[in-house]
>>> print(open('model.pdb').read())   # PDB, C-alpha atoms, pLDDT in the B column
ATOM      1  CA  MET A  76     -27.164  -4.783   7.131  1.00 43.00           C
ATOM      2  CA  SER A  77     -25.757  -8.149   6.108  1.00 51.00           C
ATOM      3  CA  LYS A  78     -22.829  -9.831   7.814  1.00 68.00           C
ATOM      4  CA  GLY A  79     -21.221 -10.847   4.501  1.00 74.00           C
ATOM      5  CA  ILE A  80     -17.958  -9.608   3.148  1.00 79.00           C
ATOM      6  CA  PHE A  81     -19.540  -6.953   0.902  1.00 82.00           C
ATOM      7  CA  THR A  82     -21.548  -4.867   3.372  1.00 84.00           C
ATOM      8  CA  THR A  83     -22.914  -1.430   2.503  1.00 86.00           C
ATOM      9  CA  GLU A  84     -20.507   0.194   4.947  1.00 85.00           C
ATOM     10  CA  LYS A  85     -17.467  -1.561   3.436  1.00 86.00           C
ATOM     11  CA  ILE A  86     -18.506  -0.760  -0.128  1.00 90.00           C
ATOM     12  CA  ALA A  87     -19.040   2.930   0.709  1.00 90.00           C
ATOM     13  CA  THR A  88     -15.720   3.114   2.589  1.00 89.00           C
ATOM     14  CA  SER A  89     -13.910   1.346  -0.247  1.00 92.00           C
ATOM     15  CA  GLY A  90     -15.346   3.878  -2.714  1.00 93.00           C
ATOM     16  CA  MET A  91     -13.869   6.708  -0.661  1.00 93.00           C
ATOM     17  CA  LEU A  92     -10.525   4.919  -0.373  1.00 94.00           C
ATOM     18  CA  ILE A  93     -10.439   4.178  -4.129  1.00 95.00           C
ATOM     19  CA  ALA A  94     -11.005   7.887  -4.780  1.00 95.00           C
ATOM     20  CA  LEU A  95      -8.218   8.761  -2.338  1.00 93.00           C
ATOM     21  CA  SER A  96      -5.947   6.164  -3.959  1.00 93.00           C
ATOM     22  CA  ILE A  97      -6.612   7.667  -7.396  1.00 94.00           C
ATOM     23  CA  VAL A  98      -5.708  11.136  -6.103  1.00 93.00           C
ATOM     24  CA  VAL A  99      -2.495   9.810  -4.543  1.00 90.00           C
ATOM     25  CA  ASN A 100      -1.598   8.059  -7.813  1.00 86.00           C
ATOM     26  CA  VAL A 101      -2.349  11.115  -9.949  1.00 86.00           C
ATOM     27  CA  PHE A 102      -0.318  13.441  -7.762  1.00 86.00           C
ATOM     28  CA  GLY A 103       2.789  11.283  -7.343  1.00 80.00           C
ATOM     29  CA  ILE A 104       5.982  13.293  -7.732  1.00 82.00           C
ATOM     30  CA  PRO A 105       8.187  11.804 -10.468  1.00 79.00           C
ATOM     31  CA  ILE A 106      11.889  12.139  -9.713  1.00 81.00           C
ATOM     32  CA  THR A 107      13.152   9.883 -12.519  1.00 77.00           C
ATOM     33  CA  PRO A 108      11.192   7.631 -14.883  1.00 70.00           C
ATOM     34  CA  SER A 109      11.565   4.729 -12.439  1.00 71.00           C
ATOM     35  CA  ASN A 110      11.464   6.621  -9.119  1.00 80.00           C
ATOM     36  CA  GLN A 111       8.675   8.764  -7.762  1.00 81.00           C
ATOM     37  CA  ILE A 112       7.449   9.934  -4.392  1.00 83.00           C
ATOM     38  CA  THR A 113       3.986   8.532  -3.817  1.00 85.00           C
ATOM     39  CA  PHE A 114       1.783   7.550  -0.913  1.00 89.00           C
ATOM     40  CA  VAL A 115       0.148   4.571  -2.600  1.00 88.00           C
ATOM     41  CA  HIS A 116       1.321   2.180   0.125  1.00 88.00           C
ATOM     42  CA  THR A 117      -0.213   4.402   2.802  1.00 91.00           C
ATOM     43  CA  ILE A 118      -3.660   4.087   1.196  1.00 93.00           C
ATOM     44  CA  SER A 119      -3.109   0.358   0.612  1.00 91.00           C
ATOM     45  CA  ALA A 120      -2.144  -0.045   4.270  1.00 90.00           C
ATOM     46  CA  ILE A 121      -5.234   1.786   5.502  1.00 91.00           C
ATOM     47  CA  SER A 122      -7.424  -0.200   3.081  1.00 92.00           C
ATOM     48  CA  GLY A 123      -6.025  -3.591   4.008  1.00 92.00           C
ATOM     49  CA  ILE A 124      -6.041  -2.875   7.733  1.00 88.00           C
ATOM     50  CA  THR A 125      -9.566  -1.494   7.902  1.00 86.00           C
ATOM     51  CA  LEU A 126     -11.377  -3.575   5.283  1.00 90.00           C
ATOM     52  CA  GLY A 127      -9.279  -6.728   4.964  1.00 91.00           C
ATOM     53  CA  PRO A 128      -7.127  -8.260   2.235  1.00 94.00           C
ATOM     54  CA  ILE A 129      -9.834  -8.595  -0.451  1.00 94.00           C
ATOM     55  CA  PHE A 130     -10.840  -4.937  -0.300  1.00 94.00           C
ATOM     56  CA  GLY A 131      -7.168  -4.015   0.125  1.00 94.00           C
ATOM     57  CA  PHE A 132      -6.422  -5.618  -3.245  1.00 96.00           C
ATOM     58  CA  ILE A 133      -9.449  -4.088  -4.989  1.00 96.00           C
ATOM     59  CA  ILE A 134      -8.704  -0.585  -3.697  1.00 96.00           C
ATOM     60  CA  GLY A 135      -4.983  -0.734  -4.476  1.00 94.00           C
ATOM     61  CA  PHE A 136      -5.509  -2.232  -7.939  1.00 96.00           C
ATOM     62  CA  LEU A 137      -8.316   0.110  -9.034  1.00 96.00           C
ATOM     63  CA  GLY A 138      -6.659   3.200  -7.549  1.00 94.00           C
ATOM     64  CA  SER A 139      -3.448   2.461  -9.434  1.00 92.00           C
ATOM     65  CA  CYS A 140      -5.151   1.535 -12.701  1.00 94.00           C
ATOM     66  CA  ILE A 141      -7.586   4.464 -12.823  1.00 95.00           C
ATOM     67  CA  GLY A 142      -4.925   6.870 -11.540  1.00 92.00           C
ATOM     68  CA  PHE A 143      -2.639   5.878 -14.396  1.00 90.00           C
ATOM     69  CA  PHE A 144      -5.295   6.469 -17.038  1.00 92.00           C
ATOM     70  CA  ILE A 145      -6.119   9.896 -15.586  1.00 92.00           C
ATOM     71  CA  ASN A 146      -2.462  10.948 -15.488  1.00 86.00           C
ATOM     72  CA  PRO A 147      -0.212   8.584 -17.466  1.00 86.00           C
ATOM     73  CA  ASN A 148       3.452   8.593 -16.485  1.00 76.00           C
ATOM     74  CA  GLY A 149       5.104   6.476 -19.161  1.00 76.00           C
ATOM     75  CA  ALA A 150       3.802   3.309 -20.765  1.00 82.00           C
ATOM     76  CA  TYR A 151       1.082   1.261 -19.059  1.00 88.00           C
ATOM     77  CA  ASN A 152       2.176  -1.879 -17.244  1.00 90.00           C
ATOM     78  CA  MET A 153      -0.353  -3.882 -15.228  1.00 94.00           C
ATOM     79  CA  LEU A 154       2.408  -5.069 -12.891  1.00 94.00           C
ATOM     80  CA  PHE A 155       2.203  -1.708 -11.103  1.00 93.00           C
ATOM     81  CA  ASP A 156      -1.530  -2.260 -10.492  1.00 94.00           C
ATOM     82  CA  ILE A 157      -0.951  -5.807  -9.249  1.00 96.00           C
ATOM     83  CA  SER A 158       1.777  -4.532  -6.933  1.00 94.00           C
ATOM     84  CA  ALA A 159      -0.509  -1.842  -5.465  1.00 94.00           C
ATOM     85  CA  GLY A 160      -3.259  -4.410  -4.936  1.00 95.00           C
ATOM     86  CA  LEU A 161      -0.876  -6.947  -3.433  1.00 96.00           C
ATOM     87  CA  SER A 162       0.346  -4.399  -0.897  1.00 95.00           C
ATOM     88  CA  GLY A 163      -3.263  -4.082   0.335  1.00 95.00           C
ATOM     89  CA  VAL A 164      -3.431  -7.880   0.633  1.00 96.00           C
ATOM     90  CA  ILE A 165      -0.185  -8.004   2.633  1.00 96.00           C
ATOM     91  CA  PHE A 166      -1.366  -5.346   5.084  1.00 93.00           C
ATOM     92  CA  GLY A 167      -4.773  -7.007   5.340  1.00 93.00           C
ATOM     93  CA  LEU A 168      -3.230 -10.377   6.151  1.00 95.00           C
ATOM     94  CA  ALA A 169      -0.710  -8.909   8.610  1.00 93.00           C
ATOM     95  CA  PHE A 170      -3.435  -7.164  10.578  1.00 89.00           C
ATOM     96  CA  THR A 171      -5.781 -10.136  10.429  1.00 89.00           C
ATOM     97  CA  VAL A 172      -3.000 -12.078  12.174  1.00 89.00           C
ATOM     98  CA  TYR A 173      -2.456  -9.144  14.577  1.00 87.00           C
ATOM     99  CA  ARG A 174      -6.131  -9.008  15.559  1.00 83.00           C
ATOM    100  CA  LYS A 175      -6.550 -12.773  15.961  1.00 85.00           C
ATOM    101  CA  PHE A 176      -3.282 -13.923  17.508  1.00 83.00           C
ATOM    102  CA  ILE A 177      -1.583 -11.044  19.310  1.00 81.00           C
ATOM    103  CA  LYS A 178      -2.540 -10.921  22.971  1.00 81.00           C
ATOM    104  CA  ASN A 179      -2.210  -7.774  25.113  1.00 80.00           C
ATOM    105  CA  LYS A 180      -2.231  -5.374  22.187  1.00 77.00           C
ATOM    106  CA  SER A 181      -0.068  -2.273  22.489  1.00 79.00           C
ATOM    107  CA  VAL A 182       1.300   0.531  20.354  1.00 78.00           C
ATOM    108  CA  ILE A 183       4.682  -1.218  20.313  1.00 84.00           C
ATOM    109  CA  LYS A 184       3.195  -4.499  19.023  1.00 83.00           C
ATOM    110  CA  LEU A 185       1.166  -2.538  16.472  1.00 82.00           C
ATOM    111  CA  THR A 186       4.282  -0.697  15.302  1.00 84.00           C
ATOM    112  CA  VAL A 187       6.220  -3.962  14.988  1.00 88.00           C
ATOM    113  CA  THR A 188       3.362  -5.406  12.906  1.00 88.00           C
ATOM    114  CA  PHE A 189       3.460  -2.317  10.668  1.00 86.00           C
ATOM    115  CA  ILE A 190       7.223  -2.554  10.242  1.00 89.00           C
ATOM    116  CA  ILE A 191       7.066  -6.258   9.353  1.00 92.00           C
ATOM    117  CA  ALA A 192       4.271  -5.598   6.835  1.00 93.00           C
ATOM    118  CA  PHE A 193       6.209  -2.699   5.294  1.00 91.00           C
ATOM    119  CA  ILE A 194       9.357  -4.831   5.007  1.00 92.00           C
ATOM    120  CA  VAL A 195       7.355  -7.494   3.153  1.00 95.00           C
ATOM    121  CA  VAL A 196       5.652  -4.873   0.945  1.00 93.00           C
ATOM    122  CA  THR A 197       8.971  -3.157   0.199  1.00 91.00           C
ATOM    123  CA  THR A 198      10.629  -6.471  -0.635  1.00 92.00           C
ATOM    124  CA  VAL A 199       7.837  -8.089  -2.679  1.00 94.00           C
ATOM    125  CA  CYS A 200       6.038  -5.103  -4.216  1.00 92.00           C
ATOM    126  CA  THR A 201       8.563  -2.273  -4.441  1.00 88.00           C
ATOM    127  CA  ALA A 202      11.892  -4.076  -4.880  1.00 89.00           C
ATOM    128  CA  GLY A 203      10.326  -7.050  -6.632  1.00 91.00           C
ATOM    129  CA  ILE A 204       7.296  -6.421  -8.829  1.00 93.00           C
ATOM    130  CA  ASN A 205       7.711  -2.656  -9.370  1.00 89.00           C
ATOM    131  CA  THR A 206      11.409  -2.972 -10.161  1.00 88.00           C
ATOM    132  CA  VAL A 207      10.688  -5.718 -12.710  1.00 90.00           C
ATOM    133  CA  ALA A 208       8.042  -3.465 -14.289  1.00 89.00           C
ATOM    134  CA  CYS A 209      10.381  -0.444 -14.356  1.00 85.00           C
ATOM    135  CA  TYR A 210      13.269  -2.520 -15.689  1.00 86.00           C
ATOM    136  CA  ARG A 211      11.107  -3.801 -18.543  1.00 85.00           C
ATOM    137  CA  LEU A 212       9.800  -0.296 -19.339  1.00 83.00           C
ATOM    138  CA  TYR A 213      12.749   1.994 -18.784  1.00 77.00           C
ATOM    139  CA  SER A 214      16.001   0.041 -18.767  1.00 75.00           C
ATOM    140  CA  SER A 215      18.262   0.164 -21.766  1.00 68.00           C
ATOM    141  CA  LYS A 216      19.032  -3.515 -21.051  1.00 69.00           C
ATOM    142  CA  THR A 217      22.747  -2.692 -20.951  1.00 74.00           C
ATOM    143  CA  ASN A 218      22.709  -3.141 -17.175  1.00 78.00           C
ATOM    144  CA  SER A 219      21.614  -6.287 -15.429  1.00 84.00           C
ATOM    145  CA  PHE A 220      18.405  -6.355 -13.427  1.00 84.00           C
ATOM    146  CA  PHE A 221      20.363  -6.385 -10.157  1.00 87.00           C
ATOM    147  CA  VAL A 222      22.335  -3.256 -11.070  1.00 85.00           C
ATOM    148  CA  TYR A 223      19.014  -1.579 -11.818  1.00 82.00           C
ATOM    149  CA  LEU A 224      17.521  -2.879  -8.546  1.00 87.00           C
ATOM    150  CA  PHE A 225      20.375  -1.616  -6.396  1.00 88.00           C
ATOM    151  CA  ALA A 226      20.293   1.773  -8.104  1.00 85.00           C
ATOM    152  CA  ARG A 227      16.560   2.109  -7.294  1.00 86.00           C
ATOM    153  CA  LEU A 228      16.614   0.656  -3.801  1.00 89.00           C
ATOM    154  CA  PRO A 229      17.948   3.541  -1.625  1.00 90.00           C
ATOM    155  CA  PHE A 230      15.329   6.002  -2.880  1.00 90.00           C
ATOM    156  CA  GLN A 231      12.514   3.442  -2.636  1.00 88.00           C
ATOM    157  CA  LEU A 232      13.522   2.517   0.928  1.00 90.00           C
ATOM    158  CA  LEU A 233      13.220   6.191   1.894  1.00 90.00           C
ATOM    159  CA  VAL A 234       9.759   6.446   0.293  1.00 90.00           C
ATOM    160  CA  SER A 235       8.700   3.226   2.080  1.00 89.00           C
ATOM    161  CA  LEU A 236       9.915   4.577   5.421  1.00 90.00           C
ATOM    162  CA  ILE A 237       7.897   7.773   4.906  1.00 90.00           C
ATOM    163  CA  ASN A 238       4.816   5.704   3.987  1.00 89.00           C
ATOM    164  CA  CYS A 239       5.294   3.513   7.084  1.00 87.00           C
ATOM    165  CA  ILE A 240       5.502   6.476   9.457  1.00 90.00           C
ATOM    166  CA  LEU A 241       2.533   8.178   7.806  1.00 91.00           C
ATOM    167  CA  SER A 242       0.415   5.000   7.942  1.00 88.00           C
ATOM    168  CA  ILE A 243       1.149   4.361  11.620  1.00 86.00           C
ATOM    169  CA  THR A 244       0.299   7.974  12.455  1.00 88.00           C
ATOM    170  CA  ILE A 245      -2.992   7.907  10.521  1.00 87.00           C
ATOM    171  CA  ILE A 246      -4.176   4.562  11.931  1.00 82.00           C
ATOM    172  CA  LEU A 247      -3.285   5.507  15.524  1.00 80.00           C
ATOM    173  CA  THR A 248      -5.011   8.876  15.127  1.00 83.00           C
ATOM    174  CA  LEU A 249      -8.166   7.360  13.626  1.00 78.00           C
ATOM    175  CA  ASN A 250      -8.226   4.723  16.349  1.00 74.00           C
ATOM    176  CA  LYS A 251      -7.794   7.328  19.075  1.00 75.00           C
ATOM    177  CA  VAL A 252     -10.398   9.715  17.653  1.00 73.00           C
ATOM    178  CA  ARG A 253     -12.761   6.752  17.066  1.00 63.00           C
ATOM    179  CA  LEU A 254     -14.488   8.418  14.136  1.00 56.00           C
ATOM    180  CA  PHE A 255     -14.966   5.096  12.417  1.00 53.00           C
ATOM    181  CA  ASN A 256     -14.911   2.865  15.454  1.00 53.00           C
ATOM    182  CA  LYS A 257     -16.014  -0.336  13.720  1.00 53.00           C
ATOM    183  CA  LEU A 258     -13.682   0.026  10.748  1.00 51.00           C
ATOM    184  CA  PHE A 259     -10.553   1.598  12.235  1.00 50.00           C
ATOM    185  CA  SER A 260     -10.264  -0.340  15.463  1.00 53.00           C
ATOM    186  CA  ILE A 261      -6.841  -1.913  15.868  1.00 53.00           C
ATOM    187  CA  GLU A 262      -7.928  -3.857  18.917  1.00 55.00           C
TER     188      GLU A 262
END
>>> encode(input="model.pdb", output="structure tokens")
Amino acid sequence: MSKGIFTTEKIATSGMLIALSIVVNVFGIPITPSNQITFVHTISAISGITLGPIFGFIIGFLGSCIGFFINPNGAYNMLFDISAGLSGVIFGLAFTVYRKFIKNKSVIKLTVTFIIAFIVVTTVCTAGINTVACYRLYSSKTNSFFVYLFARLPFQLLVSLINCILSITIILTLNKVRLFNKLFSIE
């Protein structure tokens, strides 16, 4: 097996994660046109953490794009796909820094890294890119962007918190079980 970035193991794992990302996108629970309960960031987190930022972007982007075309929920806007991919990049970069620079790794330091990554993802992807996309698609333009943002934010913060807790639980469990020792190691 080659030592390059696109190894057989990473490609096979990314295929499984893309499929899982598609399922999560298809089965999101729409609450309003601009708010839905989804676990896209959980899959992006797992992808970025285990396979790195490049695969994190590919998995998030393709999962969002293909998921939309299987089960469209409104008009298509590529900003949602870019946002899903970017969240994988953010998690990938955060955990690359964690692995290389954090000494004496612990569950507390891991959790802090997760929280920081989720704050960045929530700010850049959810409150930023996704809100711009929703505002362009669904807003009547009678309200300003910031009114729209602050109306969306409480619900999206709750969804992000749920995704954060779920991601931490999954990664810690996979690391403890050591099913995929090479891929899911947080050490």
>>> resolve_selection(input="model.pdb", expression="the PyMOL selection byres ((chain A and resi 128-145) around 8)", output="MDAnalysis selection string")
chainID A and resid 89 92:101 115 118:120 122:124 126:127 146:148 151 153 155:168
>>> residues_around(input="model.pdb", residues="Ala226 (chain A)", least_positions_apart="2", cutoff="12 Å", atoms="all atoms listed in the file", output="ChimeraX atom specification")
/A:107,109-110,202,206,209-210,214,218-224,228-232
>>> closest_residue(input="model.pdb", among="A:Thr113, A:Phe81, A:Ala87, A:Ser235", to="Ile194 (chain A)", atoms="only C-alpha atoms")
A:Ser235
>>> atom_distance(input="model.pdb", atom1="CA of Cys200 (chain A)", atom2="CA of Thr217 (chain A)")
23.8 Å
>>> atom_distance(input="model.pdb", atom1="CA of Leu185 (chain A)", atom2="CA of Leu236 (chain A)")
15.8 Å
>>> atom_distance(input="model.pdb", atom1="CA of Phe114 (chain A)", atom2="CA of Val182 (chain A)")
22.4 Å
>>> closest_residue(input="model.pdb", among="A:Thr171, A:Asn250, A:Thr201, A:Ser242", to="Ile121 (chain A)", atoms="all atoms listed in the file")
A:Ser242
>>> closest_residue(input="model.pdb", among="A:Ile86, A:Val234, A:Ile177, A:Ile191", to="Gln111 (chain A)", atoms="only C-alpha atoms")
A:Val234
>>> resolve_selection(input="model.pdb", expression="the PyMOL selection byres ((chain A and resi 184) around 12)", output="CSV table (one decimal) with C-alpha atoms, keeping the file's coordinate frame")
chain,number,residue,atom,x,y,z
A,169,ALA,CA,-0.7,-8.9,8.6
A,170,PHE,CA,-3.4,-7.2,10.6
A,172,VAL,CA,-3.0,-12.1,12.2
A,173,TYR,CA,-2.5,-9.1,14.6
A,174,ARG,CA,-6.1,-9.0,15.6
A,176,PHE,CA,-3.3,-13.9,17.5
A,177,ILE,CA,-1.6,-11.0,19.3
A,178,LYS,CA,-2.5,-10.9,23.0
A,179,ASN,CA,-2.2,-7.8,25.1
A,180,LYS,CA,-2.2,-5.4,22.2
A,181,SER,CA,-0.1,-2.3,22.5
A,182,VAL,CA,1.3,0.5,20.4
A,183,ILE,CA,4.7,-1.2,20.3
A,185,LEU,CA,1.2,-2.5,16.5
A,186,THR,CA,4.3,-0.7,15.3
A,187,VAL,CA,6.2,-4.0,15.0
A,188,THR,CA,3.4,-5.4,12.9
A,189,PHE,CA,3.5,-2.3,10.7
A,190,ILE,CA,7.2,-2.6,10.2
A,191,ILE,CA,7.1,-6.3,9.4
A,243,ILE,CA,1.1,4.4,11.6
A,261,ILE,CA,-6.8,-1.9,15.9
A,262,GLU,CA,-7.9,-3.9,18.9
>>> build_atoms(input="model.pdb", residues="region 92-118 of chain A", atoms="N, CA, C and O atoms", output="compact mmCIF listing (two decimals), in the frame of the given file")
# COMPACT_ATOMS: atom_id res chain seq x y z
N LEU A 92 -11.95 5.24 -0.34
CA LEU A 92 -10.52 4.92 -0.37
C LEU A 92 -10.01 4.76 -1.80
O LEU A 92 -8.86 5.09 -2.09
N ILE A 93 -10.84 4.24 -2.71
CA ILE A 93 -10.44 4.18 -4.13
C ILE A 93 -10.23 5.59 -4.66
O ILE A 93 -9.24 5.87 -5.34
N ALA A 94 -11.15 6.50 -4.34
CA ALA A 94 -11.00 7.89 -4.78
C ALA A 94 -9.72 8.50 -4.22
O ALA A 94 -8.97 9.18 -4.94
N LEU A 95 -9.44 8.25 -2.96
CA LEU A 95 -8.22 8.76 -2.34
C LEU A 95 -6.98 8.14 -2.99
O LEU A 95 -5.98 8.82 -3.24
N SER A 96 -7.05 6.85 -3.30
CA SER A 96 -5.95 6.16 -3.96
C SER A 96 -5.69 6.73 -5.35
O SER A 96 -4.54 6.88 -5.78
N ILE A 97 -6.75 7.06 -6.07
CA ILE A 97 -6.61 7.67 -7.40
C ILE A 97 -5.90 9.01 -7.27
O ILE A 97 -4.98 9.31 -8.03
N VAL A 98 -6.33 9.82 -6.31
CA VAL A 98 -5.71 11.14 -6.10
C VAL A 98 -4.22 10.97 -5.79
O VAL A 98 -3.37 11.68 -6.36
N VAL A 99 -3.89 10.03 -4.91
CA VAL A 99 -2.50 9.81 -4.54
C VAL A 99 -1.69 9.35 -5.76
O VAL A 99 -0.54 9.76 -5.94
N ASN A 100 -2.28 8.51 -6.60
CA ASN A 100 -1.60 8.06 -7.81
C ASN A 100 -1.41 9.18 -8.82
O ASN A 100 -0.37 9.29 -9.45
N VAL A 101 -2.42 10.02 -8.97
CA VAL A 101 -2.35 11.12 -9.95
C VAL A 101 -1.30 12.14 -9.53
O VAL A 101 -0.58 12.69 -10.36
N PHE A 102 -1.21 12.39 -8.24
CA PHE A 102 -0.32 13.44 -7.76
C PHE A 102 1.00 12.92 -7.21
O PHE A 102 1.62 13.57 -6.38
N GLY A 103 1.45 11.75 -7.68
CA GLY A 103 2.79 11.28 -7.34
C GLY A 103 3.81 12.25 -7.93
O GLY A 103 3.57 12.91 -8.94
N ILE A 104 4.95 12.36 -7.29
CA ILE A 104 5.98 13.29 -7.73
C ILE A 104 7.10 12.51 -8.42
O ILE A 104 7.90 11.85 -7.76
N PRO A 105 7.13 12.55 -9.77
CA PRO A 105 8.19 11.80 -10.47
C PRO A 105 9.55 12.47 -10.28
O PRO A 105 9.71 13.66 -10.49
N ILE A 106 10.51 11.67 -9.86
CA ILE A 106 11.89 12.14 -9.71
C ILE A 106 12.70 11.71 -10.94
O ILE A 106 13.42 12.49 -11.53
N THR A 107 12.58 10.44 -11.29
CA THR A 107 13.15 9.88 -12.52
C THR A 107 12.05 9.02 -13.13
O THR A 107 11.03 8.78 -12.48
N PRO A 108 12.24 8.50 -14.32
CA PRO A 108 11.19 7.63 -14.88
C PRO A 108 10.86 6.43 -14.00
O PRO A 108 9.72 5.99 -13.96
N SER A 109 11.83 5.92 -13.26
CA SER A 109 11.56 4.73 -12.44
C SER A 109 11.46 5.02 -10.94
O SER A 109 11.29 4.10 -10.15
N ASN A 110 11.58 6.26 -10.53
CA ASN A 110 11.46 6.62 -9.12
C ASN A 110 10.53 7.81 -8.96
O ASN A 110 10.70 8.83 -9.61
N GLN A 111 9.54 7.64 -8.08
CA GLN A 111 8.68 8.76 -7.76
C GLN A 111 8.26 8.69 -6.30
O GLN A 111 8.24 7.63 -5.70
N ILE A 112 7.95 9.85 -5.76
CA ILE A 112 7.45 9.93 -4.39
C ILE A 112 5.94 9.79 -4.48
O ILE A 112 5.28 10.56 -5.17
N THR A 113 5.42 8.78 -3.80
CA THR A 113 3.99 8.53 -3.82
C THR A 113 3.57 7.94 -2.48
O THR A 113 4.39 7.37 -1.77
N PHE A 114 2.30 8.07 -2.17
CA PHE A 114 1.78 7.55 -0.91
C PHE A 114 0.79 6.42 -1.15
O PHE A 114 -0.13 6.21 -0.37
N VAL A 115 1.02 5.69 -2.24
CA VAL A 115 0.15 4.57 -2.60
C VAL A 115 0.12 3.52 -1.49
O VAL A 115 -0.94 3.01 -1.14
N HIS A 116 1.28 3.20 -0.91
CA HIS A 116 1.32 2.18 0.12
C HIS A 116 0.61 2.62 1.40
O HIS A 116 0.10 1.78 2.15
N THR A 117 0.54 3.92 1.64
CA THR A 117 -0.21 4.40 2.80
C THR A 117 -1.70 4.10 2.63
O THR A 117 -2.35 3.59 3.55
N ILE A 118 -2.24 4.37 1.45
CA ILE A 118 -3.66 4.09 1.20
C ILE A 118 -3.90 2.58 1.19
O ILE A 118 -4.90 2.11 1.72
